[in-house]
Amino acid sequence: MKVETIQTSEKFTQLRVTYAAETVVVDLVADPVAVIEAPVLFRDGEAEFQVDSRHEIFVNKLCSLIGRNEWRDLEDLR
């Protein structure tokens, strides 16, 4: 897997991730909001990471849609 930084700032990083013949752009945003539900803990081998619940993601996407009105937010909600 190849990861390239497209842009970065204090609260935002955009990466281009390539694996074999596929490429995806990943946006990482640090945008503190009130937590509705606790994140779910996942383990992969020795690594542990937390992932927001589906409900939490849905609520945040609704807020994003209202705040910035982009087609990708509608697609994410679908």
# chains A, B, ... in the order shown; residues from 1 in each chain; ligands from 1
>>> residues_around(residues="Phe12 of chain A", least_positions_apart="2", cutoff="10 Å", atoms="only C-alpha atoms", output="PyMOL selection string")
chain A and resi 7-10+14+27-31
>>> write_last_selection(atoms="N, CA, C and O atoms", output="short mmCIF file (atom, residue, chain, number, x, y, z; two decimals), in the first residue's frame")
data_model
loop_
_atom_site.label_atom_id
_atom_site.label_comp_id
_atom_site.auth_asym_id
_atom_site.auth_seq_id
_atom_site.Cartn_x
_atom_site.Cartn_y
_atom_site.Cartn_z
N GLN A 7 -2.63 17.13 1.14
CA GLN A 7 -2.56 18.39 1.87
C GLN A 7 -2.73 18.12 3.35
O GLN A 7 -3.30 17.11 3.75
N THR A 8 -2.24 19.03 4.16
CA THR A 8 -2.33 18.85 5.60
C THR A 8 -2.37 20.21 6.28
O THR A 8 -1.81 21.18 5.79
N SER A 9 -3.10 20.26 7.39
CA SER A 9 -3.15 21.44 8.25
C SER A 9 -3.33 20.94 9.67
O SER A 9 -3.29 19.74 9.93
N GLU A 10 -3.57 21.86 10.59
CA GLU A 10 -3.66 21.48 11.99
C GLU A 10 -4.79 20.48 12.26
O GLU A 10 -4.62 19.55 13.03
N GLN A 14 -5.39 15.25 4.01
CA GLN A 14 -5.95 14.51 2.88
C GLN A 14 -4.85 13.62 2.32
O GLN A 14 -3.75 14.08 2.03
N ASP A 27 -9.96 11.65 3.59
CA ASP A 27 -9.94 12.90 4.35
C ASP A 27 -9.98 12.56 5.84
O ASP A 27 -10.89 11.84 6.28
N LEU A 28 -9.02 13.05 6.59
CA LEU A 28 -8.99 12.87 8.04
C LEU A 28 -9.21 14.24 8.67
O LEU A 28 -8.45 15.17 8.41
N VAL A 29 -10.25 14.35 9.49
CA VAL A 29 -10.63 15.63 10.07
C VAL A 29 -10.70 15.51 11.58
O VAL A 29 -11.32 14.58 12.10
N ALA A 30 -10.07 16.43 12.28
CA ALA A 30 -10.19 16.52 13.73
C ALA A 30 -11.18 17.65 14.00
O ALA A 30 -10.84 18.82 13.94
N ASP A 31 -12.42 17.28 14.25
CA ASP A 31 -13.48 18.25 14.47
C ASP A 31 -14.24 17.83 15.72
O ASP A 31 -15.22 17.09 15.64
#
>>> select_by_dssp(residues="chain A", states="strand (DSSP E or B)", output="ChimeraX atom specification")
/A:2-8,12-19,22-29,40-44,47-51
>>> select_by_dssp(residues="chain A", states="helix (DSSP H, G or I)", output="list in words")
Arg54, His55, Glu56, Ile57, Phe58, Val59, Asn60, Lys61, Leu62, Cys63, Ser64, Leu65, Ile66, Gly67, Arg68, Trp71, Arg72, Asp73, Leu74, Glu75, Asp76 and Leu77 of chain A
>>> residues_around(residues="Phe49 of chain A", least_positions_apart="5", cutoff="10 Å", atoms="only C-alpha atoms", output="list in words")
Pro39, Val40, Leu41, Phe42, Arg43 and Asp44 of chain A
>>> residues_around(residues="Ser53 of chain A", least_positions_apart="2", cutoff="12 Å", atoms="only C-alpha atoms", output="VMD selection string")
chain A and resid 35 to 42 50 to 51 55 to 60
>>> write_last_selection(atoms="N, CA and C atoms", output="compact mmCIF listing (two decimals), in the first residue's frame")
# COMPACT_ATOMS: atom_id res chain seq x y z
N VAL A 35 -20.20 13.73 21.95
CA VAL A 35 -20.35 12.30 21.64
C VAL A 35 -21.74 11.83 22.05
N ILE A 36 -22.44 11.18 21.12
CA ILE A 36 -23.77 10.64 21.38
C ILE A 36 -23.66 9.24 21.95
N GLU A 37 -22.83 8.43 21.36
CA GLU A 37 -22.59 7.05 21.79
C GLU A 37 -21.09 6.82 21.86
N ALA A 38 -20.69 5.97 22.78
CA ALA A 38 -19.27 5.64 22.91
C ALA A 38 -18.81 4.88 21.66
N PRO A 39 -17.56 5.11 21.23
CA PRO A 39 -17.04 4.37 20.08
C PRO A 39 -16.90 2.88 20.41
N VAL A 40 -16.86 2.09 19.35
CA VAL A 40 -16.70 0.64 19.48
C VAL A 40 -15.21 0.32 19.36
N LEU A 41 -14.71 -0.52 20.22
CA LEU A 41 -13.30 -0.91 20.21
C LEU A 41 -13.10 -2.11 19.31
N PHE A 42 -12.18 -2.02 18.34
CA PHE A 42 -11.85 -3.11 17.45
C PHE A 42 -10.40 -3.52 17.68
N GLN A 50 -10.51 2.62 17.88
CA GLN A 50 -11.91 2.91 18.15
C GLN A 50 -12.58 3.45 16.89
N VAL A 51 -13.82 3.00 16.69
CA VAL A 51 -14.59 3.44 15.53
C VAL A 51 -15.95 3.93 16.03
N HIS A 55 -24.77 5.02 14.29
CA HIS A 55 -25.64 6.14 14.66
C HIS A 55 -24.84 7.43 14.78
N GLU A 56 -23.68 7.36 15.42
CA GLU A 56 -22.81 8.53 15.58
C GLU A 56 -22.37 9.07 14.22
N ILE A 57 -21.98 8.17 13.33
CA ILE A 57 -21.54 8.57 11.99
C ILE A 57 -22.71 9.22 11.23
N PHE A 58 -23.90 8.62 11.35
CA PHE A 58 -25.08 9.16 10.67
C PHE A 58 -25.39 10.58 11.12
N VAL A 59 -25.39 10.80 12.43
CA VAL A 59 -25.68 12.13 12.97
C VAL A 59 -24.64 13.14 12.50
N ASN A 60 -23.36 12.76 12.55
CA ASN A 60 -22.30 13.67 12.10
C ASN A 60 -22.42 13.98 10.61
>>> closest_residue(among="A:Lys2, A:Glu70, A:Gly45, A:Ala34", to="Ala21 of chain A", atoms="only C-alpha atoms")
A:Lys2
>>> residues_around(residues="Val25 of chain A", least_positions_apart="3", cutoff="8 Å", atoms="only C-alpha atoms", output="MDAnalysis selection string")
chainID A and resid 14:17
>>> closest_residue(among="A:Lys11, A:Ile6, A:Leu77, A:Leu62", to="Pro32 of chain A", atoms="only C-alpha atoms")
A:Lys11
>>> closest_residue(among="A:Ala47, A:Cys63, A:Met1, A:Val33", to="Thr18 of chain A", atoms="only C-alpha atoms")
A:Met1
